[in-house]
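Chemist: The following file, protein-v4.cif, comprises mmCIF, C-alpha atoms:
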```cif
data_my_file
#
loop_
_atom_site.label_atom_id
_atom_site.label_comp_id
_atom_site.auth_asym_id
_atom_site.auth_seq_id
_atom_site.Cartn_x
_atom_site.Cartn_y
_atom_site.Cartn_z
CA MET A 185 -6.84 33.26 67.67
CA SER A 186 -4.64 34.95 65.09
CA THR A 187 -5.27 34.64 61.34
CA SER A 188 -2.09 32.54 61.03
CA GLU A 189 -3.36 30.04 63.60
CA ILE A 190 -6.78 29.76 61.96
CA PHE A 191 -5.07 29.37 58.55
CA LEU A 192 -3.04 26.45 59.92
CA ILE A 193 -6.22 24.87 61.33
CA ALA A 194 -7.67 25.04 57.82
CA MET A 195 -4.49 23.48 56.36
CA LEU A 196 -4.63 20.75 59.00
CA ILE A 197 -8.19 19.89 57.93
CA ILE A 198 -7.31 20.07 54.22
CA PHE A 199 -4.49 17.53 54.45
CA THR A 200 -5.80 15.26 57.21
CA ALA A 201 -9.47 14.66 56.32
CA PRO A 202 -9.00 13.37 52.71
CA TYR A 203 -6.08 11.15 53.71
CA LEU A 204 -8.04 9.50 56.52
CA ILE A 205 -11.09 8.98 54.27
CA TRP A 206 -8.88 7.48 51.53
CA ARG A 207 -6.85 5.22 53.83
CA LEU A 208 -9.46 4.12 56.37
CA GLY A 209 -12.25 3.91 53.79
CA ARG A 210 -10.03 2.06 51.29
CA THR A 211 -11.54 4.01 48.42
CA GLU A 212 -8.63 3.45 45.98
CA TYR A 213 -10.62 1.24 43.59
CA PHE A 214 -13.45 3.66 42.85
CA ALA A 215 -12.10 6.95 44.24
CA PRO A 216 -8.34 7.65 44.05
CA PRO A 217 -6.86 10.32 46.37
CA VAL A 218 -7.54 13.13 43.89
CA VAL A 219 -11.26 12.33 43.78
CA VAL A 220 -11.41 11.99 47.58
CA GLN A 221 -9.80 15.43 47.93
CA ILE A 222 -12.38 16.96 45.59
CA ILE A 223 -15.27 15.35 47.47
CA THR A 224 -13.80 16.46 50.81
CA GLY A 225 -13.56 20.00 49.45
CA ILE A 226 -17.27 19.89 48.63
CA LEU A 227 -18.11 18.56 52.10
CA LEU A 228 -16.09 21.34 53.72
CA GLY A 229 -17.86 24.00 51.65
CA PRO A 230 -20.89 26.12 52.57
CA GLY A 231 -23.34 23.59 51.12
CA VAL A 232 -22.51 20.94 53.74
CA LEU A 233 -20.24 22.08 56.59
CA GLY A 234 -21.53 25.65 56.34
CA THR A 235 -25.10 24.39 56.70
CA LEU A 236 -24.49 21.91 59.51
CA PHE A 237 -22.05 24.01 61.56
CA PRO A 238 -22.38 27.63 60.38
CA ASP A 239 -20.50 29.18 63.33
CA TYR A 240 -17.56 26.80 63.01
CA TYR A 241 -17.49 27.32 59.24
CA LYS A 242 -17.37 31.12 59.61
CA PHE A 243 -14.64 30.83 62.26
CA VAL A 244 -12.28 28.61 60.23
CA PHE A 245 -13.02 29.91 56.74
CA SER A 246 -13.00 33.61 57.48
CA ALA A 247 -12.32 36.17 54.74
CA PRO A 248 -8.54 36.52 55.47
CA VAL A 249 -8.09 32.74 55.54
CA ILE A 250 -9.99 32.26 52.29
CA LEU A 251 -7.87 35.00 50.69
CA SER A 252 -4.68 33.13 51.69
CA LEU A 253 -6.05 29.78 50.50
CA ASN A 254 -7.14 31.26 47.17
CA ALA A 255 -3.65 32.66 46.55
CA ILE A 256 -2.08 29.22 47.07
CA ALA A 257 -4.81 27.60 44.97
CA GLN A 258 -4.21 30.06 42.13
CA TRP A 259 -0.51 29.20 41.86
CA ALA A 260 -1.21 25.47 42.33
CA VAL A 261 -3.66 25.28 39.47
CA MET A 262 -1.39 27.37 37.23
CA LEU A 263 1.43 24.88 37.81
CA PHE A 264 -0.88 21.94 37.20
CA VAL A 265 -2.28 23.31 33.93
CA PHE A 266 1.25 24.31 32.87
CA ILE A 267 2.49 20.72 33.34
CA ALA A 268 -0.54 19.42 31.42
CA GLY A 269 0.43 21.71 28.53
CA ILE A 270 4.04 20.48 28.55
CA GLU A 271 2.92 16.85 28.50
CA LEU A 272 0.87 17.23 25.33
CA ASP A 273 2.42 14.98 22.67
CA LEU A 274 1.27 16.74 19.53
CA LYS A 275 4.03 15.21 17.39
CA GLN A 276 2.56 11.74 17.87
CA ALA A 277 -0.94 13.10 17.26
CA TRP A 278 0.27 14.61 13.97
CA THR A 279 1.99 11.36 12.94
CA HIS A 280 -1.34 9.53 13.40
CA ARG A 281 -3.43 12.54 12.41
CA ARG A 282 -6.26 10.71 10.62
CA GLU A 283 -6.97 8.33 13.49
CA SER A 284 -6.35 11.00 16.14
CA GLY A 285 -8.45 13.60 14.33
CA ILE A 286 -11.45 11.33 13.79
CA THR A 287 -11.41 9.90 17.32
CA ALA A 288 -10.72 13.18 19.11
CA GLY A 289 -13.30 14.96 16.96
CA MET A 290 -16.01 12.44 17.78
CA ALA A 291 -14.98 12.23 21.45
CA LEU A 292 -15.32 16.00 21.74
CA GLY A 293 -18.06 16.84 19.26
CA VAL A 294 -20.84 14.45 20.27
CA PRO A 295 -20.78 15.13 24.04
CA LEU A 296 -20.46 18.83 23.21
CA LEU A 297 -23.75 18.63 21.30
CA PHE A 298 -25.43 16.60 24.04
CA GLY A 299 -24.16 18.96 26.74
CA GLY A 300 -25.26 21.98 24.72
CA ALA A 301 -28.75 20.49 24.49
CA ALA A 302 -28.77 20.01 28.27
CA ALA A 303 -27.67 23.64 28.68
CA MET A 304 -30.58 24.81 26.52
CA GLY A 305 -32.87 22.94 28.88
CA MET A 306 -31.25 24.64 31.90
CA LEU A 307 -31.92 28.03 30.32
CA MET A 308 -35.63 27.36 30.66
CA PHE A 309 -35.26 27.81 34.43
CA PRO A 310 -33.82 30.76 36.38
CA GLY A 311 -30.60 30.59 38.40
CA TRP A 312 -28.24 28.78 36.04
CA ILE A 313 -26.82 31.34 33.60
CA GLY A 314 -24.27 33.84 34.93
CA ALA A 315 -24.88 37.58 35.16
CA LYS A 316 -22.34 38.46 32.44
CA ALA A 317 -23.00 35.57 30.07
CA LEU A 318 -24.45 35.65 26.60
CA THR A 319 -26.64 32.65 25.74
CA TRP A 320 -24.09 31.16 23.33
CA GLN A 321 -21.32 31.45 25.93
CA PHE A 322 -23.36 29.57 28.50
CA VAL A 323 -24.45 26.83 26.06
CA LEU A 324 -20.94 26.38 24.65
CA GLY A 325 -19.38 26.45 28.12
CA ILE A 326 -21.71 23.80 29.55
CA GLY A 327 -21.39 21.71 26.38
CA MET A 328 -17.60 21.82 26.49
CA ALA A 329 -17.61 20.95 30.20
CA CYS A 330 -19.46 17.74 29.26
CA ALA A 331 -16.86 16.97 26.58
CA VAL A 332 -13.70 17.55 28.64
CA THR A 333 -11.17 14.80 29.34
CA ALA A 334 -8.67 15.43 32.15
CA LEU A 335 -5.31 14.44 30.63
CA PRO A 336 -3.28 14.50 33.90
CA ILE A 337 -5.83 12.38 35.78
CA LEU A 338 -6.12 10.06 32.77
CA ILE A 339 -2.34 9.50 33.03
CA LEU A 340 -2.66 8.66 36.74
CA LEU A 341 -5.53 6.22 36.15
CA MET A 342 -3.77 4.47 33.25
CA GLU A 343 -0.65 4.12 35.41
CA LYS A 344 -2.84 2.45 38.04
CA LEU A 345 -4.34 0.14 35.38
CA GLN A 346 -0.82 -0.60 34.02
CA ILE A 347 -1.62 0.39 30.42
CA LEU A 348 0.03 3.83 30.22
CA ARG A 349 3.10 2.63 28.29
CA GLN A 350 1.19 0.05 26.24
CA PRO A 351 0.00 0.82 22.67
CA ILE A 352 -3.63 1.29 23.75
CA GLY A 353 -2.55 3.72 26.48
CA GLN A 354 -0.41 5.77 24.09
CA ARG A 355 -3.30 5.93 21.61
CA ILE A 356 -5.66 7.23 24.28
CA LEU A 357 -3.11 9.87 25.30
CA ARG A 358 -2.99 11.09 21.69
CA TYR A 359 -6.77 11.48 21.55
CA ALA A 360 -6.84 13.32 24.90
CA SER A 361 -3.97 15.60 23.82
CA VAL A 362 -5.84 16.77 20.71
CA ASP A 363 -8.99 17.36 22.76
CA ASP A 364 -7.02 19.38 25.33
CA ILE A 365 -5.94 21.85 22.64
CA ALA A 366 -9.56 22.19 21.45
CA ILE A 367 -10.86 22.64 25.01
CA TRP A 368 -8.57 25.56 25.81
CA GLY A 369 -9.13 27.06 22.37
CA VAL A 370 -12.89 27.04 22.97
CA LEU A 371 -12.39 28.55 26.42
CA ALA A 372 -10.36 31.38 24.89
CA LEU A 373 -13.22 31.95 22.41
CA ILE A 374 -15.80 32.04 25.21
CA LEU A 375 -13.68 34.54 27.15
CA MET A 376 -13.05 36.80 24.15
CA ASP A 377 -13.90 40.28 25.32
CA TRP A 378 -14.80 42.36 22.27
CA GLU A 379 -14.32 45.57 24.25
CA ARG A 380 -10.75 44.51 24.97
CA VAL A 381 -10.09 42.59 21.76
CA GLY A 382 -7.16 44.91 20.98
CA LYS A 383 -5.45 43.89 24.22
CA GLN A 384 -6.10 40.22 23.55
CA VAL A 385 -4.73 40.36 20.01
CA ALA A 386 -1.71 42.29 21.27
CA PHE A 387 -1.08 39.65 23.94
CA LEU A 388 -1.30 36.80 21.41
CA VAL A 389 1.07 38.57 19.01
CA VAL A 390 3.61 39.28 21.75
CA PHE A 391 3.18 35.73 23.04
CA GLY A 392 3.89 34.30 19.57
CA VAL A 393 7.10 36.30 19.18
CA ALA A 394 8.20 35.63 22.76
CA SER A 395 7.57 31.89 22.30
CA VAL A 396 10.07 31.73 19.42
CA VAL A 397 12.72 33.50 21.52
CA TYR A 398 11.91 31.39 24.58
CA ARG A 399 12.17 28.11 22.67
CA TRP A 400 15.51 29.19 21.20
CA LEU A 401 16.78 29.99 24.71
CA MET A 402 15.49 26.81 26.37
CA ALA A 403 17.18 24.57 23.79
CA ARG A 404 20.56 26.15 24.61
CA ILE A 405 20.66 26.30 28.39
CA PRO A 406 21.40 23.44 30.86
CA GLU A 407 18.42 21.45 32.12
CA ARG A 408 18.91 22.69 35.71
CA ASP A 409 18.33 26.26 34.47
CA ARG A 410 15.29 25.31 32.40
CA TRP A 411 13.19 24.75 35.53
CA TYR A 412 13.85 28.30 36.77
CA CYS A 413 13.23 29.81 33.33
CA SER A 414 10.02 27.84 32.89
CA LEU A 415 8.54 29.21 36.14
CA THR A 416 9.40 32.77 35.05
CA TRP A 417 7.77 32.04 31.68
CA LEU A 418 4.67 30.65 33.41
CA ALA A 419 4.21 33.73 35.61
CA ALA A 420 4.74 36.10 32.65
CA CYS A 421 2.25 34.27 30.40
CA GLY A 422 -0.34 34.06 33.18
CA LEU A 423 0.03 37.79 33.84
CA GLY A 424 -0.25 38.70 30.17
CA ALA A 425 -3.32 36.52 29.59
CA ASP A 426 -5.09 37.85 32.66
CA TRP A 427 -4.23 41.47 31.75
CA SER A 428 -5.76 40.97 28.30
CA GLY A 429 -8.94 39.40 29.73
CA LEU A 430 -8.28 35.79 28.64
CA HIS A 431 -7.73 34.53 32.24
CA TYR A 432 -4.44 33.45 33.78
CA MET A 433 -5.23 29.73 33.35
CA VAL A 434 -5.39 30.12 29.57
CA GLY A 435 -1.97 31.76 29.83
CA ALA A 436 -0.67 28.89 31.96
CA PHE A 437 -1.83 26.28 29.47
CA ILE A 438 -0.40 27.93 26.36
CA ALA A 439 2.84 28.62 28.26
CA GLY A 440 3.25 24.86 28.67
CA ALA A 441 1.87 23.91 25.25
CA VAL A 442 4.66 25.71 23.37
CA MET A 443 7.30 23.79 25.35
CA ASP A 444 8.81 20.39 24.55
CA SER A 445 8.61 17.68 27.19
CA ALA A 446 11.95 16.39 25.87
CA TRP A 447 13.63 19.43 27.46
CA PHE A 448 13.06 17.82 30.87
CA ASP A 449 13.82 14.44 32.40
CA GLN A 450 10.57 12.43 32.38
CA LYS A 451 11.11 11.12 35.90
CA GLN A 452 11.57 14.67 37.20
CA MET A 453 8.43 15.78 35.35
CA ASP A 454 6.46 12.91 36.91
CA TRP A 455 7.93 13.82 40.30
CA LEU A 456 6.88 17.47 39.87
CA ARG A 457 3.33 16.54 38.82
CA HIS A 458 3.05 14.12 41.74
CA ASN A 459 4.23 16.68 44.27
CA VAL A 460 2.04 19.48 42.92
CA LEU A 461 -0.90 17.09 43.40
CA LEU A 462 0.35 16.14 46.87
CA VAL A 463 1.47 19.49 48.27
CA LEU A 464 -0.54 22.22 46.53
CA MET A 465 -3.63 20.93 44.74
CA PRO A 466 -5.53 19.89 47.91
CA VAL A 467 -5.75 23.62 48.69
CA PHE A 468 -7.31 24.19 45.26
CA PHE A 469 -9.84 21.41 45.89
CA LEU A 470 -10.82 23.02 49.18
CA SER A 471 -11.17 26.46 47.58
CA THR A 472 -13.28 24.81 44.86
CA GLY A 473 -15.51 23.22 47.51
CA LEU A 474 -15.98 26.63 49.13
CA ARG A 475 -17.64 27.80 45.91
CA THR A 476 -20.33 25.11 45.82
CA ASN A 477 -23.88 26.28 46.39
CA TRP A 478 -27.34 24.75 46.60
CA GLN A 479 -29.37 27.97 46.78
CA VAL A 480 -31.53 27.00 43.80
CA GLY A 481 -32.45 23.91 45.80
CA GLY A 482 -30.55 20.72 46.46
CA ALA A 483 -32.86 18.58 44.32
CA ALA A 484 -32.60 20.94 41.33
CA VAL A 485 -28.78 20.92 41.46
CA PHE A 486 -28.62 17.13 41.61
CA ILE A 487 -31.19 16.73 38.83
CA ALA A 488 -29.10 19.08 36.67
CA ALA A 489 -25.96 17.11 37.58
CA ALA A 490 -27.67 13.83 36.61
CA VAL A 491 -28.79 15.23 33.24
CA LEU A 492 -25.29 16.56 32.55
CA LEU A 493 -23.78 13.20 33.55
CA VAL A 494 -26.02 11.33 31.12
CA ALA A 495 -25.20 13.84 28.35
CA SER A 496 -21.48 13.52 29.07
CA VAL A 497 -21.27 9.73 29.36
CA ALA A 498 -23.68 8.91 26.52
CA GLY A 499 -22.18 11.53 24.23
CA LYS A 500 -18.62 10.31 24.79
CA LEU A 501 -19.50 6.64 24.32
CA ILE A 502 -21.59 7.27 21.20
CA GLY A 503 -18.88 9.48 19.70
CA ILE A 504 -16.14 6.91 20.32
CA HIS A 505 -18.27 4.06 18.95
CA ILE A 506 -18.80 6.07 15.75
CA ALA A 507 -15.04 6.60 15.50
CA GLY A 508 -14.45 2.90 16.13
CA LYS A 509 -16.81 1.96 13.29
CA ILE A 510 -15.08 4.38 10.89
CA LEU A 511 -11.59 3.18 11.86
CA LYS A 512 -12.56 -0.53 12.09
CA TRP A 513 -11.35 -1.10 15.64
CA GLN A 514 -11.33 -4.50 17.32
CA PRO A 515 -14.43 -5.54 19.35
CA GLY A 516 -14.39 -3.98 22.81
CA GLU A 517 -11.88 -1.23 22.00
CA SER A 518 -14.48 1.49 21.54
CA SER A 519 -16.06 0.84 24.92
CA LEU A 520 -12.66 0.77 26.67
CA VAL A 521 -11.48 4.00 25.05
CA GLY A 522 -14.83 5.69 25.61
CA TRP A 523 -14.87 4.95 29.33
CA LEU A 524 -11.25 5.99 29.89
CA LEU A 525 -11.94 9.31 28.17
CA GLN A 526 -14.79 9.91 30.67
CA THR A 527 -12.16 11.01 33.22
CA LYS A 528 -12.96 14.67 33.89
CA ALA A 529 -12.16 15.62 37.49
CA LEU A 530 -9.45 18.26 37.50
CA ILE A 531 -9.48 19.84 34.04
CA MET A 532 -13.27 20.16 34.01
CA ILE A 533 -13.24 21.66 37.48
CA ILE A 534 -10.56 24.13 36.39
CA PHE A 535 -12.60 24.90 33.25
CA ALA A 536 -15.73 25.45 35.35
CA ASN A 537 -13.83 27.65 37.81
CA VAL A 538 -12.90 29.97 34.95
CA LEU A 539 -16.52 30.12 33.76
CA LEU A 540 -17.59 30.96 37.32
CA ASP A 541 -14.86 33.62 37.69
CA LYS A 542 -16.12 35.31 34.53
CA ALA A 543 -19.80 35.09 35.64
CA ILE A 544 -20.74 32.88 32.68
CA ILE A 545 -22.26 30.31 35.04
CA THR A 546 -23.70 30.67 38.54
CA ASN A 547 -22.59 28.89 41.71
CA GLU A 548 -25.47 26.47 41.22
CA SER A 549 -24.36 25.55 37.69
CA PHE A 550 -20.82 25.20 38.99
CA THR A 551 -21.99 22.81 41.72
CA ALA A 552 -23.92 20.68 39.20
CA LEU A 553 -20.85 20.51 36.94
CA LEU A 554 -18.64 19.61 39.90
CA VAL A 555 -20.91 16.74 40.95
CA MET A 556 -21.03 15.52 37.34
CA ALA A 557 -17.21 15.61 37.04
CA VAL A 558 -16.70 13.64 40.25
CA ALA A 559 -19.32 11.04 39.30
CA SER A 560 -17.94 10.47 35.78
CA THR A 561 -14.39 10.08 37.12
CA MET A 562 -15.48 7.63 39.84
CA LEU A 563 -17.17 5.46 37.22
CA THR A 564 -13.99 5.03 35.18
CA VAL A 565 -11.86 2.47 37.05
CA PRO A 566 -14.69 0.13 38.22
CA ILE A 567 -16.03 -0.11 34.65
CA VAL A 568 -12.67 -0.22 32.81
CA SER A 569 -10.97 -2.82 35.05
CA PRO A 570 -13.24 -5.78 34.09
CA LYS A 571 -13.19 -4.67 30.44
CA LEU A 572 -9.39 -4.77 30.44
CA ALA A 573 -9.43 -8.21 32.07
CA ARG A 574 -11.79 -9.54 29.38
CA MET A 575 -9.67 -8.07 26.58
CA LYS A 576 -6.49 -9.65 28.02
CA GLU A 577 -8.30 -13.00 28.29
CA ILE A 578 -9.40 -12.79 24.64
CA VAL A 579 -5.83 -11.98 23.53
CA PHE A 580 -4.44 -14.85 25.64
CA ARG A 581 -6.93 -17.34 24.14
CA SER A 582 -6.17 -16.18 20.59
CA LYS A 583 -2.51 -17.01 21.16
#
```
Using structure tokens, write down the structure that the file contains.
Modeler:
Amino acid sequence: MSTSEIFLIAMLIIFTAPYLIWRLGRTEYFAPPVVVQIITGILLGPGVLGTLFPDYYKFVFSAPVILSLNAIAQWAVMLFVFIAGIELDLKQAWTHRRESGITAGMALGVPLLFGGAAAMGMLMFPGWIGAKALTWQFVLGIGMACAVTALPILILLMEKLQILRQPIGQRILRYASVDDIAIWGVLALILMDWERVGKQVAFLVVFGVASVVYRWLMARIPERDRWYCSLTWLAACGLGADWSGLHYMVGAFIAGAVMDSAWFDQKQMDWLRHNVLLVLMPVFFLSTGLRTNWQVGGAAVFIAAAVLLVASVAGKLIGIHIAGKILKWQPGESSLVGWLLQTKALIMIIFANVLLDKAIITNESFTALLVMAVASTMLTVPIVSPKLARMKEIVFRSK
């Protein structure tokens, strides 16, 4: 068979298998389509499919096919991160800066410390730290992976729970927006290449100047032209960041972060995000699954994932409860906010992909982080739904 035919077989599997699992298994309550796609990607990777059916795996996921899939995945994830950057509402975060700063700081700082402690424990055993990593890069990277909140997936889950446009939903978006800036700032610090620091400084200077010009231009052209200009801007920023050694995904995020969501119709933005998730991101999930590995030993990877999950969940909940005490929140609010901010899935997987690309973590560490991200995201809706119901009942009785 030709490479094109095998590529289309792979695409057939990518789009059919998750949909059938989601629909026939009725997983919506605990595993929305995005989570099912991620899990399917893991199952189709070398750790599962490659072990059970090695000949079939090598036939379908040959080097040319993987190269094609990775190219699609690269553009898909750039678009997704770009949209996440555009949707940051930093003006609202600044308006409520005390509350947002305290909550976001605790939501990020405590799980970062817990995750860093878990990373120190992982360093006691071989096979976890990447070949090009310094100790502080590995510890900070693992710690930040435990602290991540996936803003785009959080939006999808809050839409499902019907609280996105309510005051509590808007508050949670503010906290996640502040954390998103910190997450990508820390990633840029981890990726700082002191041998190429001149290139990186030059890129940031040029980016700063170009951003001023770009913002001036975007405010003066029709909305239909803004979409074309924004894609050009995305490709240019991704290229510049990758050339300087910061990674193209850092470029994609800052390209979106300097833009105003008000430049675009919100319905069109929602439509674009939905269709990127529908049409392109399943390829990224599959390419992510192809990078999973259990060579250290299946038990060791799952033990590491369990430790990281405990660090992530406990750290986030403790941090939010501290913030709730400081800000004198109503009973139950801290737990609700803490569990919603557990949503990691996409952004953490993207974050971990960058760490793997730069050899800061190994495939085994990546697999443990991936399992942790999926588990924490799957916990969110089943735990939050009854909490929301109880809070609504309390409000109803008080009236």
Chemist: Can you list, as a short mmCIF file (atom, residue, chain, number, x, y, z; two decimals) with C-alpha atoms, keeping the file's coordinate frame, every protein, DNA or RNA residue that comes within 10 Å of stretch 306-311 of chain A when you count only C-alpha atoms, leaving out same-chain residues fewer than 6 positions away?
Modeler:
```cif
data_model
loop_
_atom_site.label_atom_id
_atom_site.label_comp_id
_atom_site.auth_asym_id
_atom_site.auth_seq_id
_atom_site.Cartn_x
_atom_site.Cartn_y
_atom_site.Cartn_z
CA GLY A 300 -25.26 21.98 24.72
CA THR A 319 -26.64 32.65 25.74
CA PHE A 322 -23.36 29.57 28.50
CA VAL A 323 -24.45 26.83 26.06
CA ILE A 326 -21.71 23.80 29.55
CA GLN A 479 -29.37 27.97 46.78
CA VAL A 480 -31.53 27.00 43.80
CA ALA A 488 -29.10 19.08 36.67
CA VAL A 491 -28.79 15.23 33.24
CA ILE A 545 -22.26 30.31 35.04
CA THR A 546 -23.70 30.67 38.54
CA ASN A 547 -22.59 28.89 41.71
CA GLU A 548 -25.47 26.47 41.22
CA SER A 549 -24.36 25.55 37.69
#
```
Chemist: Could you produce a table of the residues of stretch 432-542 of chain A lying within 12 Å of stretch 199-203 of chain A, with the nearest pair of atoms per residue and their separation in Å rounded to one decimal, using only C-alpha atoms, ordered by chain and increasing residue number, as a Markdown table?
Modeler:
```
| residue | atom | partner | partner_atom | distance |
| --- | --- | --- | --- | --- |
| A:Leu461 | CA | A:Phe199 | CA | 11.6 |
| A:Leu462 | CA | A:Phe199 | CA | 9.1 |
| A:Val463 | CA | A:Phe199 | CA | 8.8 |
| A:Leu464 | CA | A:Phe199 | CA | 10.0 |
| A:Met465 | CA | A:Phe199 | CA | 10.3 |
| A:Pro466 | CA | A:Phe199 | CA | 7.0 |
| A:Val467 | CA | A:Phe199 | CA | 8.5 |
| A:Phe468 | CA | A:Phe199 | CA | 11.7 |
| A:Phe469 | CA | A:Pro202 | CA | 10.6 |
| A:Leu470 | CA | A:Phe199 | CA | 9.9 |
```
Chemist: Export, as a PDB file, keeping the file's coordinate frame, the selected residues with C-alpha atoms.
Modeler:
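Contents of out.pdb, freshly written:
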```pdb
ATOM      1  CA  LEU A 461      -0.900  17.090  43.400  1.00  0.00           C
ATOM      2  CA  LEU A 462       0.350  16.140  46.870  1.00  0.00           C
ATOM      3  CA  VAL A 463       1.470  19.490  48.270  1.00  0.00           C
ATOM      4  CA  LEU A 464      -0.540  22.220  46.530  1.00  0.00           C
ATOM      5  CA  MET A 465      -3.630  20.930  44.740  1.00  0.00           C
ATOM      6  CA  PRO A 466      -5.530  19.890  47.910  1.00  0.00           C
ATOM      7  CA  VAL A 467      -5.750  23.620  48.690  1.00  0.00           C
ATOM      8  CA  PHE A 468      -7.310  24.190  45.260  1.00  0.00           C
ATOM      9  CA  PHE A 469      -9.840  21.410  45.890  1.00  0.00           C
ATOM     10  CA  LEU A 470     -10.820  23.020  49.180  1.00  0.00           C
TER      11      LEU A 470
END
```
Chemist: Which residue out of A:Ala315, A:Ala394, A:Ile531, A:Leu192 has the minimum interatomic distance to A:Leu371 when all atoms listed in the file are used?
Modeler: A:Ile531
Chemist: Take atom CA of A:Leu348 and atom CA of A:Ala439 and report the distance between them in Å, one decimal.
Modeler: 25.0 Å
Chemist: From the set A:Pro248, A:Pro216, A:Gly435, A:Pro351, which residue has the shortest atom-to-atom contact distance to A:Glu189, counting only C-alpha atoms?
Modeler: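 Distance minimum relative to A:Glu189 lands on A:Pro248.
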Chemist: For A:Leu511, which residue out of A:Ile286, A:Leu340, A:Ile267, A:Leu423 is the nearest one, using only C-alpha atoms?
Modeler: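 Closest candidate: A:Ile286.
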Chemist: From the list A:Gly422, A:Gly429, A:Gly473, A:Gly285, which residue is nearest A:Ile250 when using all atoms listed in the file?
Modeler: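 That would be A:Gly473, the residue with the smallest distance to A:Ile250.
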Chemist: Taking the file as I've supplied it (selection: the PyMOL selection byres ((chain A and resi 424) around 12)), which residues are included? Please answer as a PDB file with C-alpha atoms, in the coordinates of the input.
Modeler:
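The result, written out as part_0.pdb:
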```pdb
ATOM      1  CA  LYS A 383      -5.450  43.890  24.220  1.00  0.00           C
ATOM      2  CA  GLN A 384      -6.100  40.220  23.550  1.00  0.00           C
ATOM      3  CA  VAL A 385      -4.730  40.360  20.010  1.00  0.00           C
ATOM      4  CA  ALA A 386      -1.710  42.290  21.270  1.00  0.00           C
ATOM      5  CA  PHE A 387      -1.080  39.650  23.940  1.00  0.00           C
ATOM      6  CA  LEU A 388      -1.300  36.800  21.410  1.00  0.00           C
ATOM      7  CA  VAL A 389       1.070  38.570  19.010  1.00  0.00           C
ATOM      8  CA  VAL A 390       3.610  39.280  21.750  1.00  0.00           C
ATOM      9  CA  PHE A 391       3.180  35.730  23.040  1.00  0.00           C
ATOM     10  CA  ALA A 394       8.200  35.630  22.760  1.00  0.00           C
ATOM     11  CA  TRP A 417       7.770  32.040  31.680  1.00  0.00           C
ATOM     12  CA  LEU A 418       4.670  30.650  33.410  1.00  0.00           C
ATOM     13  CA  ALA A 419       4.210  33.730  35.610  1.00  0.00           C
ATOM     14  CA  ALA A 420       4.740  36.100  32.650  1.00  0.00           C
ATOM     15  CA  CYS A 421       2.250  34.270  30.400  1.00  0.00           C
ATOM     16  CA  GLY A 422      -0.340  34.060  33.180  1.00  0.00           C
ATOM     17  CA  LEU A 423       0.030  37.790  33.840  1.00  0.00           C
ATOM     18  CA  ALA A 425      -3.320  36.520  29.590  1.00  0.00           C
ATOM     19  CA  ASP A 426      -5.090  37.850  32.660  1.00  0.00           C
ATOM     20  CA  TRP A 427      -4.230  41.470  31.750  1.00  0.00           C
ATOM     21  CA  SER A 428      -5.760  40.970  28.300  1.00  0.00           C
ATOM     22  CA  GLY A 429      -8.940  39.400  29.730  1.00  0.00           C
ATOM     23  CA  LEU A 430      -8.280  35.790  28.640  1.00  0.00           C
ATOM     24  CA  HIS A 431      -7.730  34.530  32.240  1.00  0.00           C
ATOM     25  CA  TYR A 432      -4.440  33.450  33.780  1.00  0.00           C
ATOM     26  CA  MET A 433      -5.230  29.730  33.350  1.00  0.00           C
ATOM     27  CA  VAL A 434      -5.390  30.120  29.570  1.00  0.00           C
ATOM     28  CA  GLY A 435      -1.970  31.760  29.830  1.00  0.00           C
ATOM     29  CA  ALA A 436      -0.670  28.890  31.960  1.00  0.00           C
ATOM     30  CA  ILE A 438      -0.400  27.930  26.360  1.00  0.00           C
ATOM     31  CA  ALA A 439       2.840  28.620  28.260  1.00  0.00           C
TER      32      ALA A 439
END
```
Chemist: Given only C-alpha atoms as the basis, pick out the residue of A:Val521, A:Ile504, A:Val244, A:Ala573 nearest to A:Ile352.
Modeler: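 So, comparing all the options, the nearest one is A:Val521.
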Chemist: Under the rule that all atoms listed in the file are counted, which of A:Ser284, A:Ser471, A:Val218, A:Arg399 is the nearest residue to A:Phe245?
Modeler: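 Going through A:Ser284, A:Ser471, A:Val218, A:Arg399 one by one, the smallest distance to A:Phe245 is for A:Ser471.
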Chemist: Which residues are near A:Val265? Cut-off 7 Å, only C-alpha atoms, ignore same chain within fewer than 4 positions. Put them as a list in words.
Modeler: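 Counting only the stated atoms, we get Val261, Gly269, Ala436 and Phe437 of chain A.
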